[in-house]
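Only one structure is covered here, and it is reproduced in the block below.
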Amino acid sequence: MSISPPAPPIDADAVVIGAGPVGLWQVFELGLLEIHAHVIDALPHPGGQPGELYADKPIYDIPGLPVCSGQELTDALLRQVAPFQPTLHLGHQVEALARQDDGRFLLTTQQGLQLRARAVFIAAGVGAFVPKRLKVEGLDAFEGRQLFHGLPRAADFSGQRVVVAGGGEAALGAAIRLAALPESQRPASITLLHRRDGFQAEPATIDRLQALRHTGQVPFVPGQVEDIAQESGRLTALHIQGPDGATAPLPLDTLLVLQGVSPRLGPVADWGMALERKQLVVDTEKFQTSEPGIFAVGDINTYPGKKKLILCGFHEATLAAYAAQALIAPERELPFQYTTSSSRLHRLLGVDSAPPDGPATSTA
């Protein structure tokens with residue numbers, strides 16, 4: 001059997017590690033400087049910590065937005081960066097980062113992706129958010145086929161026996177969403193599995209789930225997974241130990257493990273950059289780490305007076321982009337311009353240079 005050689009590295013102007021609000025704003029500021037960005041995130045969707053941990057909870061300290069949820073902020077930022085067409089690599093966890101002989105950086109993910117860039121921006125917050133897994137021998141072999149740590153297209157589970165493992169907002173929300181599908185797209189059965197009959201979710205979500213339990217649309221099984229059953233290379237059942245200590249099989253076709261996520265600093269700690277209390281030390285002029293060409297913005301960095309606020313991360317990303325311009329495109333000198341009045345920036349953003357009420361002027 002021959003083994004295919006790894007795909008060659010993809011050349012990139014800049015790589016942003018982290019698709020949370022600060023990482024997305026980094027993409028925007030780089031875009032204004034005509035620098036295309038590749039974005040990597042361990043989660044299967046953009047949003048980072050706000051999108052994952054408080055997608056529906058209010059945020060009150062984003063300038064110009066009196067209140068918005070984590071998901072609304074993510075959606076707005078995605079619309080804002082859309083003109084720059086960033087390349088998103090979601091569901092990828094960075095494994096290695098090393099400087100090459102030509103001065104560029106080679107970044108490799110656990111999934112085999114390789115990117116070669118002149119500048120790297122680490123916007124990983126408190127670390128890569130990785131799903132909490134069921135620690136059951138042999139289960140990971142079914143990842144991406146019958147085991148999922150997110151909710152893919154719900155319609156793909158039509159006619160299947162689906163088990164949702166977890167007791168938080170994500171797990172209950174997935175079970176509710178599956179139960180609400182049209183009959184032609186609905187799974188044959190939806191079972192919620194959790195270690196105990198108690199949930200950590202919004203009261204309205206718990207009420208909806210309890211109503212579905214009452215009508216039998218989403219049966220609940222308390223207990224923990226002890227083992228799995230498989231046949232002909234397919235996962236066929238989980239062996240569940242209930243509160244009484246007895247073990248019983250729970251047949252299934254698809255398993256959604258939605259037990260939340262946990263942040264991990266991961267390999268960042270092994271890349272040789274100066275750290276202070278598991279945070280990357282940066283200057284306050286460029287927000288560059290101790291390794292020239294690698295910048296850190298948002299909650300992952302530290303410096304005198306640091307405040308862990310999204311709006312502070314936006315400021316850091318702005319200065320980091322301008323500092324990196326000389327590394328990424330030293331031959332191109334772009335004047336400092338305002339989006340209010342620059343026809344070049346209007347072209348990049350895809351907007352009209354002249355607003356209806358007359359020519360634009362800078363307010364700065």
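Residue names in the structure tokens use chain letters A, B, ... in the order shown, residue numbers from 1 in each chain, and ligand numbers from 1 in the order shown.
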
Which of stretch 267-296 of chain A DSSP labels helix (DSSP H, G or I), written as a list in words: Pro267, Val268, Ala269 and Asp270 of chain A

Stretch 215-218 of chain A environment, 8 Å, only C-alpha atoms, sequence neighbours closer than 5 positions dropped, as a PyMOL selection string: chain A and resi 175+179+189-192+209

Take the residues just selected and output them with all heavy atoms as a PDB file, in the first residue's frame.
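Result went into selection_19.pdb, see below:
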ATOM      1  N   ALA A 175     -31.005  18.743  20.743  1.00  0.00           N
ATOM      2  CA  ALA A 175     -32.135  17.813  20.822  1.00  0.00           C
ATOM      3  C   ALA A 175     -33.437  18.512  20.434  1.00  0.00           C
ATOM      4  O   ALA A 175     -34.272  17.949  19.693  1.00  0.00           O
ATOM      5  CB  ALA A 175     -32.237  17.245  22.234  1.00  0.00           C
ATOM      6  N   ALA A 179     -35.816  17.678  17.124  1.00  0.00           N
ATOM      7  CA  ALA A 179     -37.225  17.321  17.312  1.00  0.00           C
ATOM      8  C   ALA A 179     -38.154  18.245  16.541  1.00  0.00           C
ATOM      9  O   ALA A 179     -39.285  17.863  16.209  1.00  0.00           O
ATOM     10  CB  ALA A 179     -37.568  17.355  18.796  1.00  0.00           C
ATOM     11  N   SER A 189     -35.312   8.516  16.041  1.00  0.00           N
ATOM     12  CA  SER A 189     -35.423   8.716  17.489  1.00  0.00           C
ATOM     13  C   SER A 189     -34.347   9.694  17.931  1.00  0.00           C
ATOM     14  O   SER A 189     -33.279   9.786  17.314  1.00  0.00           O
ATOM     15  CB  SER A 189     -35.286   7.392  18.246  1.00  0.00           C
ATOM     16  OG  SER A 189     -33.987   6.847  18.061  1.00  0.00           O
ATOM     17  N   ILE A 190     -34.652  10.423  18.994  1.00  0.00           N
ATOM     18  CA  ILE A 190     -33.707  11.386  19.572  1.00  0.00           C
ATOM     19  C   ILE A 190     -33.667  11.112  21.065  1.00  0.00           C
ATOM     20  O   ILE A 190     -34.689  11.264  21.763  1.00  0.00           O
ATOM     21  CB  ILE A 190     -34.153  12.849  19.334  1.00  0.00           C
ATOM     22  CG1 ILE A 190     -34.422  13.104  17.861  1.00  0.00           C
ATOM     23  CG2 ILE A 190     -33.110  13.823  19.880  1.00  0.00           C
ATOM     24  CD1 ILE A 190     -35.350  14.289  17.612  1.00  0.00           C
ATOM     25  N   THR A 191     -32.535  10.689  21.561  1.00  0.00           N
ATOM     26  CA  THR A 191     -32.385  10.374  22.980  1.00  0.00           C
ATOM     27  C   THR A 191     -31.345  11.292  23.599  1.00  0.00           C
ATOM     28  O   THR A 191     -30.246  11.447  23.054  1.00  0.00           O
ATOM     29  CB  THR A 191     -31.957   8.911  23.182  1.00  0.00           C
ATOM     30  OG1 THR A 191     -32.904   8.048  22.546  1.00  0.00           O
ATOM     31  CG2 THR A 191     -31.871   8.579  24.666  1.00  0.00           C
ATOM     32  N   LEU A 192     -31.692  11.894  24.721  1.00  0.00           N
ATOM     33  CA  LEU A 192     -30.742  12.736  25.447  1.00  0.00           C
ATOM     34  C   LEU A 192     -30.099  11.909  26.541  1.00  0.00           C
ATOM     35  O   LEU A 192     -30.793  11.281  27.361  1.00  0.00           O
ATOM     36  CB  LEU A 192     -31.452  13.947  26.048  1.00  0.00           C
ATOM     37  CG  LEU A 192     -30.553  14.935  26.809  1.00  0.00           C
ATOM     38  CD1 LEU A 192     -29.550  15.591  25.871  1.00  0.00           C
ATOM     39  CD2 LEU A 192     -31.394  15.995  27.511  1.00  0.00           C
ATOM     40  N   LEU A 209     -37.243  21.385  26.676  1.00  0.00           N
ATOM     41  CA  LEU A 209     -36.770  20.005  26.699  1.00  0.00           C
ATOM     42  C   LEU A 209     -37.691  19.135  27.544  1.00  0.00           C
ATOM     43  O   LEU A 209     -38.057  18.016  27.131  1.00  0.00           O
ATOM     44  CB  LEU A 209     -35.325  19.984  27.227  1.00  0.00           C
ATOM     45  CG  LEU A 209     -34.531  18.664  27.239  1.00  0.00           C
ATOM     46  CD1 LEU A 209     -34.861  17.783  28.410  1.00  0.00           C
ATOM     47  CD2 LEU A 209     -34.738  17.883  25.925  1.00  0.00           C
TER      48      LEU A 209
END

Nearest to A:Leu113 by atom-to-atom distance, counting only C-alpha atoms, from A:Ala7, A:Ile59, A:Leu252, A:Val221: A:Ala7

Spatial neighbours of A:Gly173, 10 Å, only C-alpha atoms, chain gap at least 3 places, as a list of chain:residue names: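 Non-adjacent residues within range: A:Leu151, A:Gly167, A:Gly168, A:Glu169, A:Ala170, A:Ile176, A:Arg177, A:Leu178, A:Ala179, A:Ala201, A:Thr205, A:Ile206, A:Arg208, A:Leu209, A:Leu258.
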
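Straight-line separation from atom CA of A:Pro63 to atom CA of A:Leu24: 16.1 Å.
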
Using only C-alpha atoms, determine which residues lie at most 9 Å from A:Val16, disregarding the query and same-chain residues fewer than 6 positions distant; provide the list as a compact mmCIF listing (two decimals) with C-alpha atoms, in the first residue's frame.
# COMPACT_ATOMS: atom_id res chain seq x y z
CA GLY A 23 -9.19 37.48 15.33
CA LEU A 24 -11.93 38.60 12.94
CA GLN A 26 -7.45 41.39 12.83
CA VAL A 27 -8.64 40.16 9.43
CA ALA A 37 -5.46 36.45 5.80
CA HIS A 38 -5.89 32.76 6.43
CA VAL A 39 -7.75 32.07 9.69
CA ILE A 40 -7.42 28.90 11.76
CA ASP A 41 -9.67 27.87 14.64
CA ALA A 119 3.52 37.04 9.72
CA VAL A 120 1.45 35.17 12.28
CA PHE A 121 -1.18 36.73 14.55
CA ILE A 122 -2.14 34.72 17.62
CA ALA A 123 -5.66 35.70 18.65
CA ALA A 124 -6.38 32.52 20.54

Atom pair atom CA of A:Gln146 / atom CA of A:Lys132: separation (Å): 16.7 Å

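Residues in contact with A:Leu348 at 9 Å, where only C-alpha atoms are counted and same-chain residues fewer than 2 positions away are skipped, are listed as Gly31, Leu32, Glu34, Pro83, Phe84, Ser343, Arg344, Leu345, His346, Gly350 and Val351 of chain A.
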
For the selection you just gave me, I'd like the residues written to a file as an mmCIF file, in the first residue's frame, keeping all heavy atoms.
data_model
loop_
_atom_site.group_PDB
_atom_site.id
_atom_site.type_symbol
_atom_site.label_atom_id
_atom_site.label_comp_id
_atom_site.auth_asym_id
_atom_site.auth_seq_id
_atom_site.Cartn_x
_atom_site.Cartn_y
_atom_site.Cartn_z
ATOM 1 N N GLY A 31 -7.033 43.542 6.000
ATOM 2 C CA GLY A 31 -7.684 43.764 4.712
ATOM 3 C C GLY A 31 -7.579 45.201 4.248
ATOM 4 O O GLY A 31 -7.390 45.465 3.048
ATOM 5 N N LEU A 32 -7.708 46.138 5.185
ATOM 6 C CA LEU A 32 -7.566 47.552 4.819
ATOM 7 C C LEU A 32 -6.160 47.852 4.289
ATOM 8 O O LEU A 32 -5.973 48.806 3.526
ATOM 9 C CB LEU A 32 -7.862 48.442 6.024
ATOM 10 C CG LEU A 32 -9.307 48.453 6.543
ATOM 11 C CD1 LEU A 32 -9.417 49.378 7.743
ATOM 12 C CD2 LEU A 32 -10.290 48.892 5.454
ATOM 13 N N GLU A 34 -4.597 45.718 2.445
ATOM 14 C CA GLU A 34 -4.491 44.851 1.264
ATOM 15 C C GLU A 34 -3.668 43.611 1.548
ATOM 16 O O GLU A 34 -2.904 43.130 0.705
ATOM 17 C CB GLU A 34 -3.932 45.636 0.062
ATOM 18 C CG GLU A 34 -4.763 46.864 -0.290
ATOM 19 C CD GLU A 34 -4.267 47.608 -1.524
ATOM 20 O OE1 GLU A 34 -3.723 46.950 -2.430
ATOM 21 O OE2 GLU A 34 -4.421 48.840 -1.560
ATOM 22 N N PRO A 83 -15.832 41.543 2.586
ATOM 23 C CA PRO A 83 -15.188 42.071 1.373
ATOM 24 C C PRO A 83 -13.749 41.598 1.180
ATOM 25 O O PRO A 83 -13.247 41.584 0.054
ATOM 26 C CB PRO A 83 -15.228 43.594 1.591
ATOM 27 C CG PRO A 83 -16.350 43.818 2.548
ATOM 28 C CD PRO A 83 -16.338 42.630 3.445
ATOM 29 N N PHE A 84 -13.087 41.184 2.258
ATOM 30 C CA PHE A 84 -11.689 40.782 2.150
ATOM 31 C C PHE A 84 -11.526 39.283 1.916
ATOM 32 O O PHE A 84 -10.417 38.786 1.758
ATOM 33 C CB PHE A 84 -10.931 41.203 3.413
ATOM 34 C CG PHE A 84 -11.040 42.680 3.687
ATOM 35 C CD1 PHE A 84 -11.590 43.147 4.873
ATOM 36 C CD2 PHE A 84 -10.628 43.612 2.749
ATOM 37 C CE1 PHE A 84 -11.709 44.509 5.125
ATOM 38 C CE2 PHE A 84 -10.741 44.972 2.984
ATOM 39 C CZ PHE A 84 -11.276 45.421 4.171
ATOM 40 N N SER A 343 -10.855 56.750 -1.256
ATOM 41 C CA SER A 343 -11.464 56.001 -2.369
ATOM 42 C C SER A 343 -10.832 54.611 -2.479
ATOM 43 O O SER A 343 -11.498 53.657 -2.902
ATOM 44 C CB SER A 343 -11.294 56.772 -3.674
ATOM 45 O OG SER A 343 -9.925 57.020 -3.945
ATOM 46 N N ARG A 344 -9.559 54.489 -2.101
ATOM 47 C CA ARG A 344 -8.907 53.164 -2.131
ATOM 48 C C ARG A 344 -9.589 52.223 -1.142
ATOM 49 O O ARG A 344 -9.909 51.063 -1.473
ATOM 50 C CB ARG A 344 -7.423 53.296 -1.790
ATOM 51 C CG ARG A 344 -6.677 51.941 -1.772
ATOM 52 C CD ARG A 344 -5.219 52.098 -1.363
ATOM 53 N NE ARG A 344 -5.098 52.461 0.050
ATOM 54 C CZ ARG A 344 -5.107 51.570 1.044
ATOM 55 N NH1 ARG A 344 -5.261 50.282 0.788
ATOM 56 N NH2 ARG A 344 -4.989 51.974 2.293
ATOM 57 N N LEU A 345 -9.824 52.694 0.058
ATOM 58 C CA LEU A 345 -10.478 51.860 1.061
ATOM 59 C C LEU A 345 -11.929 51.580 0.682
ATOM 60 O O LEU A 345 -12.438 50.471 0.916
ATOM 61 C CB LEU A 345 -10.406 52.537 2.432
ATOM 62 C CG LEU A 345 -8.994 52.731 3.001
ATOM 63 C CD1 LEU A 345 -9.047 53.402 4.367
ATOM 64 C CD2 LEU A 345 -8.246 51.405 3.087
ATOM 65 N N HIS A 346 -12.586 52.553 0.067
ATOM 66 C CA HIS A 346 -13.959 52.315 -0.397
ATOM 67 C C HIS A 346 -13.991 51.208 -1.441
ATOM 68 O O HIS A 346 -14.897 50.367 -1.459
ATOM 69 C CB HIS A 346 -14.550 53.602 -0.967
ATOM 70 C CG HIS A 346 -14.816 54.635 0.073
ATOM 71 N ND1 HIS A 346 -15.201 55.928 -0.238
ATOM 72 C CD2 HIS A 346 -14.748 54.589 1.433
ATOM 73 C CE1 HIS A 346 -15.366 56.622 0.881
ATOM 74 N NE2 HIS A 346 -15.085 55.834 1.899
ATOM 75 N N GLY A 350 -15.891 47.754 -1.118
ATOM 76 C CA GLY A 350 -17.008 47.601 -2.038
ATOM 77 C C GLY A 350 -18.121 48.590 -1.804
ATOM 78 O O GLY A 350 -19.298 48.280 -2.030
ATOM 79 N N VAL A 351 -17.769 49.794 -1.360
ATOM 80 C CA VAL A 351 -18.788 50.821 -1.124
ATOM 81 C C VAL A 351 -18.568 51.985 -2.077
ATOM 82 O O VAL A 351 -17.512 52.150 -2.673
ATOM 83 C CB VAL A 351 -18.745 51.340 0.334
ATOM 84 C CG1 VAL A 351 -19.034 50.214 1.300
ATOM 85 C CG2 VAL A 351 -17.395 51.978 0.651
#

Filtered DSSP result for stretch 11-211 of chain A, state strand (DSSP E), as JSON, numbers by chain: {"A": [11, 12, 13, 14, 15, 16, 17, 37, 38, 39, 40, 41, 58, 59, 68, 69, 87, 88, 89, 90, 94, 95, 96, 97, 98, 99, 105, 106, 107, 108, 109, 114, 115, 116, 117, 118, 119, 120, 121, 122, 128, 129, 130, 131, 147, 148, 161, 162, 163, 164, 165, 189, 190, 191, 192, 193, 194]}

Considering only C-alpha atoms, tabulate each residue of stretch 220-294 of chain A that lies at most 12 Å from stretch 307-314 of chain A along with its nearest interatomic pair and the corresponding distance in Å to one decimal; arrange the rows by chain and ascending residue number and present them as CSV.
residue,atom,partner,partner_atom,distance
A:Gln279,CA,A:Lys308,CA,11.6
A:Thr284,CA,A:Cys312,CA,11.6
A:Phe287,CA,A:Gly313,CA,10.3

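Straight-line separation from atom CA of A:Leu30 to atom CA of A:Val67: 26.6 Å.
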
Compile a residue-level contact table for stretch 206-290 of chain A against stretch 319-337 of chain A at a cut-off of 12 Å, reporting for every qualifying residue the shortest atom pair and its distance in Å to one decimal, with only C-alpha atoms counted, rows ordered by chain and ascending number, as a tab-separated table.
residue	atom	partner	partner_atom	distance
A:Val282	CA	A:Ala320	CA	10.4
A:Asp283	CA	A:Ala320	CA	10.1
A:Thr284	CA	A:Leu319	CA	8.6
A:Glu285	CA	A:Leu319	CA	7.0
A:Lys286	CA	A:Ala320	CA	5.0
A:Phe287	CA	A:Ala320	CA	5.5
A:Gln288	CA	A:Ala320	CA	7.0
A:Thr289	CA	A:Ala320	CA	10.5
